[in-house]
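To be precise, the following lines are work.tsv, and they hold TSV, C-alpha atoms and all ligand atoms.
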```tsv
chain	number	residue	atom	x	y	z
A	246	MET	CA	-78.68	-64.00	-47.55
A	247	SER	CA	-76.69	-62.14	-44.91
A	248	VAL	CA	-73.09	-61.90	-43.74
A	249	PRO	CA	-71.91	-61.36	-40.16
A	250	PHE	CA	-70.03	-58.23	-39.07
A	251	GLN	CA	-68.41	-56.96	-35.93
A	252	LYS	CA	-68.75	-53.26	-35.12
A	253	TYR	CA	-65.59	-51.59	-33.80
A	254	HIS	CA	-64.42	-48.08	-33.10
A	255	GLY	CA	-61.06	-46.49	-32.38
A	256	THR	CA	-61.52	-43.16	-30.55
A	257	GLY	CA	-64.88	-42.74	-32.28
A	258	ASN	CA	-63.75	-43.61	-35.85
A	259	ASP	CA	-66.08	-46.57	-36.42
A	260	PHE	CA	-66.07	-49.53	-38.75
A	261	LEU	CA	-67.92	-52.71	-39.63
A	262	ILE	CA	-65.45	-55.59	-39.81
A	263	ILE	CA	-66.32	-58.36	-42.26
A	264	HIS	CA	-64.16	-61.43	-42.80
A	265	ALA	CA	-62.72	-61.32	-46.32
A	266	ASP	CA	-63.90	-64.92	-46.87
A	267	GLU	CA	-67.55	-63.78	-46.70
A	268	TYR	CA	-69.39	-63.56	-50.00
A	269	VAL	CA	-70.02	-59.87	-50.71
A	270	PRO	CA	-70.74	-59.40	-54.43
A	271	ASP	CA	-70.41	-55.57	-54.42
A	272	ARG	CA	-68.28	-54.20	-51.59
A	273	GLY	CA	-68.73	-50.61	-52.73
A	274	ALA	CA	-72.51	-50.82	-52.80
A	275	LEU	CA	-72.60	-52.47	-49.37
A	276	ALA	CA	-70.46	-49.68	-47.89
A	277	GLU	CA	-72.62	-46.98	-49.45
A	278	ARG	CA	-75.75	-48.58	-47.98
A	279	GLU	CA	-74.61	-49.77	-44.56
A	280	CYS	CA	-72.31	-46.87	-43.60
A	281	ASP	CA	-75.31	-44.54	-43.90
A	282	ARG	CA	-76.16	-43.38	-40.37
A	283	GLU	CA	-79.90	-43.05	-41.06
A	284	ASP	CA	-80.75	-46.05	-43.23
A	285	GLY	CA	-77.83	-48.41	-42.57
A	286	VAL	CA	-75.87	-49.63	-39.54
A	287	GLY	CA	-73.84	-46.41	-39.65
A	288	ALA	CA	-70.03	-46.33	-39.83
A	289	ASP	CA	-67.03	-44.51	-41.29
A	290	GLY	CA	-66.18	-47.55	-43.43
A	291	ILE	CA	-66.12	-51.33	-43.81
A	292	LEU	CA	-62.90	-53.21	-43.10
A	293	TYR	CA	-62.51	-56.51	-44.96
A	294	LEU	CA	-59.96	-58.59	-43.10
A	295	ALA	CA	-58.21	-61.80	-44.12
A	296	LEU	CA	-56.18	-63.62	-41.48
A	297	GLU	CA	-52.97	-65.56	-42.20
A	298	GLU	CA	-52.51	-67.45	-38.94
A	299	ARG	CA	-49.55	-69.55	-40.06
A	300	PHE	CA	-47.15	-66.59	-39.76
A	301	ARG	CA	-45.50	-65.39	-36.53
A	302	PRO	CA	-46.66	-62.77	-35.77
A	303	PRO	CA	-49.97	-63.51	-37.55
A	304	ARG	CA	-50.70	-61.37	-40.62
A	305	VAL	CA	-53.91	-59.54	-41.47
A	306	ILE	CA	-54.69	-58.27	-44.97
A	307	MET	CA	-56.82	-55.14	-44.58
A	308	THR	CA	-58.99	-53.48	-47.21
A	309	LEU	CA	-60.97	-50.38	-46.22
A	310	VAL	CA	-64.05	-49.55	-48.29
A	311	GLN	CA	-65.32	-46.08	-47.44
A	312	PRO	CA	-68.90	-44.75	-47.38
A	313	ASP	CA	-68.48	-43.41	-50.95
A	314	GLY	CA	-67.83	-46.99	-52.12
A	315	ALA	CA	-64.12	-46.48	-52.89
A	316	THR	CA	-61.12	-48.03	-51.16
A	317	ALA	CA	-58.46	-46.09	-49.23
A	318	PRO	CA	-54.83	-47.24	-49.04
A	319	MET	CA	-54.49	-46.77	-45.27
A	320	CYS	CA	-56.45	-46.00	-42.12
A	321	GLY	CA	-54.70	-45.56	-38.78
A	322	ASN	CA	-57.72	-46.15	-36.56
A	323	GLY	CA	-59.01	-48.92	-38.83
A	324	ALA	CA	-55.64	-50.67	-38.61
A	325	ARG	CA	-55.80	-50.50	-34.80
A	326	CYS	CA	-59.29	-52.05	-34.89
A	327	ALA	CA	-58.07	-54.71	-37.33
A	328	ALA	CA	-55.19	-55.50	-34.99
A	329	ASP	CA	-57.52	-55.98	-32.01
A	330	TRP	CA	-59.80	-58.24	-34.10
A	331	ALA	CA	-56.82	-60.40	-35.17
A	332	MET	CA	-55.26	-60.44	-31.70
A	333	LYS	CA	-58.51	-61.71	-30.17
A	334	LYS	CA	-58.78	-64.43	-32.82
A	335	THR	CA	-55.16	-65.61	-32.49
A	336	GLY	CA	-54.30	-64.86	-28.85
A	337	SER	CA	-51.20	-63.00	-30.06
A	338	ASP	CA	-50.30	-59.54	-28.70
A	339	SER	CA	-48.54	-58.64	-31.97
A	340	VAL	CA	-49.75	-58.80	-35.58
A	341	MET	CA	-48.59	-57.55	-38.96
A	342	ILE	CA	-51.14	-55.64	-41.04
A	343	ASP	CA	-50.84	-55.61	-44.83
A	344	THR	CA	-52.28	-52.39	-46.27
A	345	GLN	CA	-51.98	-50.78	-49.69
A	346	ALA	CA	-49.60	-48.32	-47.98
A	347	GLY	CA	-47.28	-51.05	-46.66
A	348	THR	CA	-47.00	-53.76	-44.01
A	349	LEU	CA	-47.27	-52.37	-40.49
A	350	ARG	CA	-46.61	-53.96	-37.10
A	351	ALA	CA	-49.19	-53.60	-34.34
A	352	ASP	CA	-48.68	-54.39	-30.64
A	353	ARG	CA	-51.05	-54.50	-27.70
A	354	GLU	CA	-49.96	-52.64	-24.56
A	355	GLY	CA	-52.64	-53.08	-21.87
A	356	ASP	CA	-55.89	-51.61	-23.25
A	357	GLU	CA	-54.17	-49.78	-26.07
A	358	ILE	CA	-53.00	-50.77	-29.53
A	359	THR	CA	-49.89	-49.21	-31.06
A	360	ILE	CA	-49.32	-49.38	-34.79
A	361	GLU	CA	-46.27	-48.39	-36.83
A	362	MET	CA	-47.34	-45.83	-39.42
A	363	GLY	CA	-44.52	-46.02	-41.98
A	364	THR	CA	-42.49	-43.06	-43.16
A	365	PRO	CA	-44.41	-39.80	-43.58
A	366	THR	CA	-43.50	-37.81	-46.69
A	367	PHE	CA	-43.79	-34.20	-47.86
A	368	ASP	CA	-42.60	-35.14	-51.40
A	369	PRO	CA	-45.13	-33.56	-53.79
A	370	GLU	CA	-45.21	-36.63	-56.05
A	371	GLU	CA	-45.93	-38.94	-53.15
A	372	VAL	CA	-48.51	-36.77	-51.35
A	373	PRO	CA	-49.68	-36.26	-54.22
A	374	VAL	CA	-49.92	-32.52	-54.86
A	375	ARG	CA	-49.28	-30.63	-58.10
A	376	ALA	CA	-46.26	-28.57	-56.95
A	377	ASP	CA	-42.55	-28.40	-57.71
A	378	GLU	CA	-41.57	-28.19	-54.04
A	379	PRO	CA	-43.05	-29.53	-50.79
A	380	VAL	CA	-46.01	-27.42	-49.70
A	381	PHE	CA	-45.43	-25.79	-46.30
A	382	GLU	CA	-47.93	-23.29	-44.87
A	383	GLU	CA	-49.34	-22.18	-48.22
A	384	GLU	CA	-52.71	-20.46	-48.43
A	385	ILE	CA	-55.20	-22.72	-50.18
A	386	ASP	CA	-58.87	-21.81	-50.13
A	387	GLY	CA	-58.68	-19.90	-46.88
A	388	LEU	CA	-56.38	-22.12	-44.79
A	389	GLU	CA	-52.55	-22.11	-44.49
A	390	VAL	CA	-51.89	-25.75	-45.29
A	391	THR	CA	-48.92	-28.09	-45.20
A	392	MET	CA	-49.26	-31.17	-47.38
A	393	VAL	CA	-48.11	-34.52	-45.99
A	394	ASN	CA	-48.80	-38.17	-46.74
A	395	THR	CA	-49.02	-40.40	-43.66
A	396	GLY	CA	-50.41	-43.36	-45.62
A	397	VAL	CA	-53.03	-41.10	-47.17
A	398	PRO	CA	-52.82	-37.37	-48.04
A	399	HIS	CA	-53.62	-34.70	-45.46
A	400	ALA	CA	-53.81	-30.92	-45.82
A	401	VAL	CA	-52.83	-29.83	-42.31
A	402	ALA	CA	-53.56	-26.34	-41.00
A	403	PHE	CA	-52.81	-24.94	-37.55
A	404	VAL	CA	-55.46	-22.52	-36.32
A	405	ASP	CA	-56.03	-20.64	-33.04
A	406	ASP	CA	-58.95	-22.84	-31.95
A	407	VAL	CA	-60.30	-25.80	-33.95
A	408	ASP	CA	-63.75	-25.24	-32.43
A	409	ASP	CA	-64.01	-21.81	-34.08
A	410	VAL	CA	-63.73	-23.28	-37.60
A	411	ASP	CA	-66.79	-24.17	-39.69
A	412	LEU	CA	-65.09	-27.28	-41.05
A	413	ALA	CA	-68.08	-28.47	-43.10
A	414	THR	CA	-67.85	-25.23	-45.11
A	415	VAL	CA	-64.09	-24.66	-45.15
A	416	ALA	CA	-62.90	-28.21	-45.95
A	417	PRO	CA	-64.71	-29.25	-49.19
A	418	PRO	CA	-63.03	-26.72	-51.54
A	419	ILE	CA	-59.62	-27.94	-50.30
A	420	ARG	CA	-60.63	-31.62	-50.30
A	421	TYR	CA	-61.56	-31.30	-54.02
A	422	GLY	CA	-58.84	-28.73	-54.92
A	423	ASP	CA	-57.35	-28.97	-58.44
A	424	GLU	CA	-53.90	-29.15	-56.78
A	425	PHE	CA	-54.70	-32.62	-55.42
A	426	PRO	CA	-55.00	-35.29	-58.15
A	427	ALA	CA	-56.22	-37.88	-55.62
A	428	GLY	CA	-58.12	-35.43	-53.43
A	429	THR	CA	-57.06	-34.90	-49.84
A	430	ASN	CA	-58.22	-35.22	-46.26
A	431	VAL	CA	-58.36	-31.87	-44.45
A	432	THR	CA	-57.06	-31.79	-40.88
A	433	ILE	CA	-56.96	-28.78	-38.58
A	434	ALA	CA	-55.18	-28.50	-35.24
A	435	SER	CA	-54.73	-26.03	-32.41
A	436	PRO	CA	-52.64	-26.10	-29.22
A	437	ASP	CA	-54.55	-27.80	-26.37
A	438	GLY	CA	-52.80	-25.70	-23.70
A	439	ASP	CA	-51.06	-28.77	-22.31
A	440	GLY	CA	-48.32	-29.31	-24.89
A	441	GLY	CA	-50.51	-31.34	-27.27
A	442	PHE	CA	-52.99	-30.51	-30.02
A	443	ASP	CA	-56.74	-30.61	-30.53
A	444	GLN	CA	-57.73	-32.18	-33.84
A	445	ARG	CA	-60.59	-32.08	-36.30
A	446	SER	CA	-60.51	-33.95	-39.63
A	447	TYR	CA	-62.76	-33.82	-42.67
A	448	GLU	CA	-62.25	-37.16	-44.39
A	449	ARG	CA	-62.09	-37.96	-48.06
A	450	GLY	CA	-64.37	-40.91	-48.77
A	451	VAL	CA	-66.58	-40.17	-45.76
A	452	GLU	CA	-67.09	-36.64	-47.15
A	453	ALA	CA	-67.71	-35.36	-43.65
A	454	GLU	CA	-65.97	-34.74	-40.36
A	455	THR	CA	-65.24	-37.89	-38.36
A	456	ASP	CA	-64.81	-38.21	-34.58
A	457	SER	CA	-61.20	-39.27	-35.07
A	458	CYS	CA	-58.65	-39.89	-37.83
A	459	GLY	CA	-55.42	-41.75	-37.06
A	460	THR	CA	-53.47	-40.75	-40.16
A	461	GLY	CA	-54.65	-37.20	-39.42
A	462	ALA	CA	-53.30	-37.33	-35.86
A	463	VAL	CA	-49.94	-38.53	-37.19
A	464	ALA	CA	-50.04	-35.78	-39.84
A	465	ILE	CA	-50.52	-33.14	-37.11
A	466	ALA	CA	-47.60	-34.48	-35.07
A	467	VAL	CA	-45.30	-34.77	-38.09
A	468	VAL	CA	-46.11	-31.29	-39.39
A	469	ALA	CA	-45.93	-29.73	-35.89
A	470	ARG	CA	-42.42	-31.14	-35.46
A	471	ARG	CA	-41.38	-30.04	-38.95
A	472	LEU	CA	-42.63	-26.48	-38.32
A	473	GLY	CA	-40.97	-26.33	-34.88
A	474	LEU	CA	-44.26	-26.19	-32.97
A	475	THR	CA	-43.34	-29.11	-30.69
A	476	ASP	CA	-40.46	-31.38	-29.80
A	477	ALA	CA	-42.59	-33.57	-27.52
A	478	ASP	CA	-42.42	-37.34	-27.90
A	479	PRO	CA	-45.03	-38.66	-27.65
A	480	VAL	CA	-47.22	-35.92	-29.08
A	481	SER	CA	-50.72	-35.97	-27.57
A	482	VAL	CA	-53.43	-35.37	-30.18
A	483	ASN	CA	-57.07	-34.97	-29.17
A	484	PRO	CA	-59.74	-35.58	-31.80
A	485	PRO	CA	-63.37	-35.26	-30.58
A	486	GLY	CA	-63.48	-39.02	-29.87
A	487	GLY	CA	-60.58	-39.38	-27.42
A	488	GLU	CA	-56.80	-39.15	-27.13
A	489	LEU	CA	-54.17	-40.52	-29.52
A	490	LEU	CA	-50.43	-40.56	-28.88
A	491	VAL	CA	-47.94	-40.21	-31.72
A	492	SER	CA	-44.33	-41.26	-31.14
A	493	PHE	CA	-41.26	-41.34	-33.35
A	494	ASN	CA	-38.59	-44.01	-33.58
A	495	ASP	CA	-34.92	-43.67	-34.57
A	496	ARG	CA	-35.72	-43.93	-38.28
A	497	GLY	CA	-38.22	-41.04	-38.12
A	498	ASN	CA	-41.17	-43.42	-38.47
A	499	ALA	CA	-44.27	-42.58	-36.47
A	500	THR	CA	-46.28	-44.89	-34.23
A	501	LEU	CA	-49.91	-44.33	-33.28
A	502	THR	CA	-51.32	-45.46	-29.92
A	503	GLY	CA	-54.87	-45.41	-28.65
A	504	PRO	CA	-57.82	-47.44	-27.38
A	505	VAL	CA	-60.05	-49.69	-29.45
A	506	GLU	CA	-63.55	-50.91	-28.60
A	507	HIS	CA	-65.58	-53.84	-29.93
A	508	GLU	CA	-69.13	-52.44	-29.74
A	509	PHE	CA	-71.51	-55.15	-31.00
A	510	ASP	CA	-72.07	-57.85	-33.63
A	511	GLY	CA	-74.72	-58.06	-36.35
A	512	GLU	CA	-75.57	-59.19	-39.87
A	513	VAL	CA	-76.06	-57.28	-43.12
A	514	ALA	CA	-78.03	-58.44	-46.15
A	515	VAL	CA	-76.22	-59.17	-49.43
A	516	GLU	CA	-77.47	-60.60	-52.71
A	517	SER	CA	-77.12	-64.38	-52.79
A	518	PRO	CA	-75.11	-65.87	-55.70
A	519	THR	CA	-78.31	-67.27	-57.29
A	520	GLU	CA	-79.86	-63.78	-57.46
A	521	LEU	CA	-77.02	-62.46	-59.67
A	601	LIG	N1	-59.96	-42.58	-40.70
A	601	LIG	C1	-58.75	-43.00	-41.24
A	601	LIG	C2	-58.39	-42.52	-42.63
A	601	LIG	C3	-59.21	-43.23	-43.70
A	601	LIG	C4	-58.82	-42.88	-45.12
A	601	LIG	C5	-59.16	-41.48	-45.54
A	601	LIG	N2	-60.52	-41.13	-45.36
A	601	LIG	C6	-58.76	-41.30	-47.01
A	601	LIG	O1	-59.57	-41.52	-47.93
A	601	LIG	O2	-57.62	-40.93	-47.26
A	601	LIG	C7	-57.62	-42.98	-40.24
A	601	LIG	O3	-57.88	-43.25	-39.07
A	601	LIG	O4	-56.47	-42.79	-40.63
```
Take the structure in this file and express it as structure tokens.
Amino acid sequence: MSVPFQKYHGTGNDFLIIHADEYVPDRGALAERECDREDGVGADGILYLALEERFRPPRVIMTLVQPDGATAPMCGNGARCAADWAMKKTGSDSVMIDTQAGTLRADREGDEITIEMGTPTFDPEEVPVRADEPVFEEEIDGLEVTMVNTGVPHAVAFVDDVDDVDLATVAPPIRYGDEFPAGTNVTIASPDGDGGFDQRSYERGVEAETDSCGTGAVAIAVVARRLGLTDADPVSVNPPGGELLVSFNDRGNATLTGPVEHEFDGEVAVESPTEL
């Protein structure tokens, strides 16, 4: 048997969206197979979405299963795609998204979706990182990293030019570092010459560089402000797949704004219940 999906991307970070009501006996195995860019549909993850239309604004329960078959608590670009999916289904320009990292409000503004990203933290227990104090600009495996959690952990390093870094070689030792009990995403940034930052992220769970990472963009903006590298609001962050804007509200919470695109629809094969 097969289940329908919709293919979405947010600034190049791409996902299959499958309704949570669909029968998928092994979500991890499906992600491992179908996220593969040679033998599957190809994506940075599968978003399982359940819609609660009786609430105002409508609520979406989002679960991201990554290409390694494991779930991640939060995904900034995935949440923006989930918001667009729910907005189109309900006709509402605002939705609430339930993630393992909290309930986040999303609003449509023209072609762009803005999502609240919760409260970033440098607290070592919450990142998590094995350290007594917050980690600011410490040398770990060749990069000067600051550790922050923006829904998921990021090791953020500012470099002269992101394009001069061999990320596929530099990132894995940090991503799997003993200091990080849950592993970490590795995000590098450099000034774009226009007051913003260029971004590249090596993602945990994808185990590769992605074209964009929303929590990574927020991590860059949060760390840049903390280190005194910018006081801009919004902060423009440019991953390879487009432009993201990170703003801050009165409570110090970040918002993430950017475009979302529904690319195409399809079906993927799953075992039928009788075959189990
Ligand atoms: N691409 C995402 C982040 C997804 C989760 C991450 N790979 C992790 O395992 O922590 C984003 O846009 O934030």
- Item | Long-range neighbours of Ala327 of chain A as number ranges by chain, 8 Å cut-off, all atoms listed in the file, 2 positions minimum in chain | A: 262, 292, 294, 305, 307, 323-325, 329-331, 342
- Task: For ligand LIG 601 (chain A), list the contacting residues at 10 Å or closer, counting only C-alpha atoms and all ligand atoms, as a ChimeraX atom specification.
- Result: /A:255-260,289-290,309-313,315-326,362,394-399,427-431,446-464,501
- Message: For a cutoff of 12 Å around the file-coordinate point (-76.5, -59.1, -48.9), which residues qualify once you count all atoms listed in the file? I'd like the result as number ranges by chain.
- Response: A: 246-250, 267-272, 274-276, 278-279, 512-521
- Task: Could you jot down the atom CA of Ala499 of chain A to atom CA of Ile360 of chain A separation for me, Å, one decimal place?
- Result: 8.6 Å
- Min atom-atom distance to Ala288 of chain A from the set A:Lys252, A:Glu389, A:Arg496, A:Asp405, counting all atoms listed in the file, belongs to A:Lys252
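Minimum atom-to-atom distance to Thr500 of chain A, evaluated using all atoms listed in the file, belongs to A:Asp352 out of A:Asp411, A:Asp352, A:Asp406, A:Asp266.
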- Message: Can you measure atom CA of Thr335 of chain A to atom CA of Glu298 of chain A for me? One decimal in Å is fine.
- Response: 7.2 Å
